[in-house]
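See structure below.
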Amino acid sequence: TYGPRMHPNDGRVVSNFVVQALRNHDITVYGDGNQSRAFCYVDDLVDGLIRLMETADEITGPINIGNPDEFTIRELAEMVIAMTGSSSKIVHVPLPSDDPRQRRPDISKAEELLGWRPKITLRNGLKTVIDYFKQTEPLIIAMP
């Protein structure tokens with residue numbers, strides 16, 4: 001899950017890449033960057049949770065609420081660089097042994113039982129995150 005108000009040093013890939021790109025620092029990608037992730041925008045997650053809370057008592061979990069659209073880490077890095085207009089370069093470092101190759105939630109129960117599916121595309125969500133960091137974190141972005 002990602003969105004505005006993320007802490008710039010929370011260690012998540014979206015905030016890491018955005019902050020690195022806004023600083024024009026190298027973007028650190030583990031391994032070859034072909035491992036995939038599915039990024040769910042916070043507004044979509046909250047909508048799914050509210051729909052779940054409003055269901056009848058007989059509807060129980062687990063129900064995956066996430067975004068099934070997969071992107072490679074490299075695609076994310078390239079998108080962030082392009083969207084920020086950064087001069088950052090992608091630098092590869094060794095892949096940790098416990099890093100999963102793929103993450104993609106099965107949201108079929110959420111679609112069926114909650115009538116829920118995420119609406120915010122990664123590009124649109126990243127735009128709000130980038131704008132947030134530009135507007136609220138100028139000192140952090142300016143740090144070397």
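Going by the structure tokens order, chains are called A, B, ..., each with residues numbered from 1, while ligands are numbered from 1 in the order shown.
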Checklist entry - Leaving out A:Pro4 and any residue of its chain fewer than 3 positions from it, which residues lie within 7 Å of it when counting only C-alpha atoms, given as a VMD selection string? => result chain A and resid 128 to 129 132
Near A:Val80, within 9 Å and counting only C-alpha atoms, which residues show up once chain neighbours fewer than 5 positions away are dropped, as a short mmCIF file (atom, residue, chain, number, x, y, z; two decimals) with N, CA and C atoms, in the first residue's frame?
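Contents of result07.cif, as written:
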data_model
loop_
_atom_site.label_atom_id
_atom_site.label_comp_id
_atom_site.auth_asym_id
_atom_site.auth_seq_id
_atom_site.Cartn_x
_atom_site.Cartn_y
_atom_site.Cartn_z
N VAL A 14 8.24 2.31 -2.87
CA VAL A 14 7.69 3.50 -3.51
C VAL A 14 8.31 4.76 -2.93
N PHE A 17 12.13 5.01 -3.83
CA PHE A 17 12.39 5.41 -5.21
C PHE A 17 12.04 6.88 -5.44
N VAL A 18 10.91 7.32 -4.93
CA VAL A 18 10.49 8.71 -5.15
C VAL A 18 11.49 9.67 -4.51
N ALA A 21 14.76 9.65 -6.44
CA ALA A 21 14.61 10.33 -7.72
C ALA A 21 14.53 11.84 -7.54
N GLU A 75 10.40 -1.62 -13.73
CA GLU A 75 9.35 -0.76 -14.33
C GLU A 75 8.98 0.38 -13.38
N GLY A 85 11.17 13.56 -13.63
CA GLY A 85 12.14 14.28 -14.46
C GLY A 85 13.54 14.18 -13.89
N SER A 86 13.81 13.12 -13.17
CA SER A 86 15.07 12.95 -12.47
C SER A 86 16.21 12.56 -13.40
N ARG A 123 0.29 4.84 -12.08
CA ARG A 123 0.75 6.14 -12.56
C ARG A 123 0.02 7.28 -11.84
N LEU A 126 1.15 7.36 -8.15
CA LEU A 126 2.51 7.89 -8.02
C LEU A 126 2.53 9.40 -8.17
N ILE A 130 4.41 11.73 -5.53
CA ILE A 130 5.47 12.63 -5.96
C ILE A 130 5.12 14.07 -5.59
#
Checklist entry - Quick one: DSSP strand (DSSP E or B) residues in chain A, as a PyMOL selection string? => result chain A and resi 2+27-30+36-38+41+70-72+90-93
Item to check | Nearest to A:Gly31 by atom-to-atom distance, counting only C-alpha atoms, from A:Asp106, A:Asp99, A:Asp131, A:Asp57 | outcome: A:Asp99
Checklist entry - Using only C-alpha atoms, which of A:Lys89, A:Arg51, A:Lys119, A:Arg74 sits nearest A:Leu22? => result A:Lys89
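Among the candidate residues A:Leu95, A:Leu113, A:Val42, A:Ala56, the one lying nearest to A:Met6 is A:Val42, with distances computed using only C-alpha atoms.
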Item to check | One-decimal distance in Å that lies between atom CA of A:Ser97 and atom CA of A:Asn64 | outcome: 25.7 Å
Next on the checklist: Run DSSP on the backbone and tell me which residues of stretch 77-123 of chain A come out as alpha helix (DSSP H); list them as a PyMOL selection string.
Outcome noted: chain A and resi 77-84+108-109+122-123
Item to check | Selection near A:Arg117, 10 Å with only C-alpha atoms, sequence-local residues under 4 positions removed, as JSON, numbers by chain | outcome: {"A": [44, 45, 47, 48, 65, 66, 67, 68, 107, 108, 110, 111, 112]}
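Atom CA of A:Ser36 to atom CA of A:Ile120 spans 18.3 Å [interatomic distance, one decimal].
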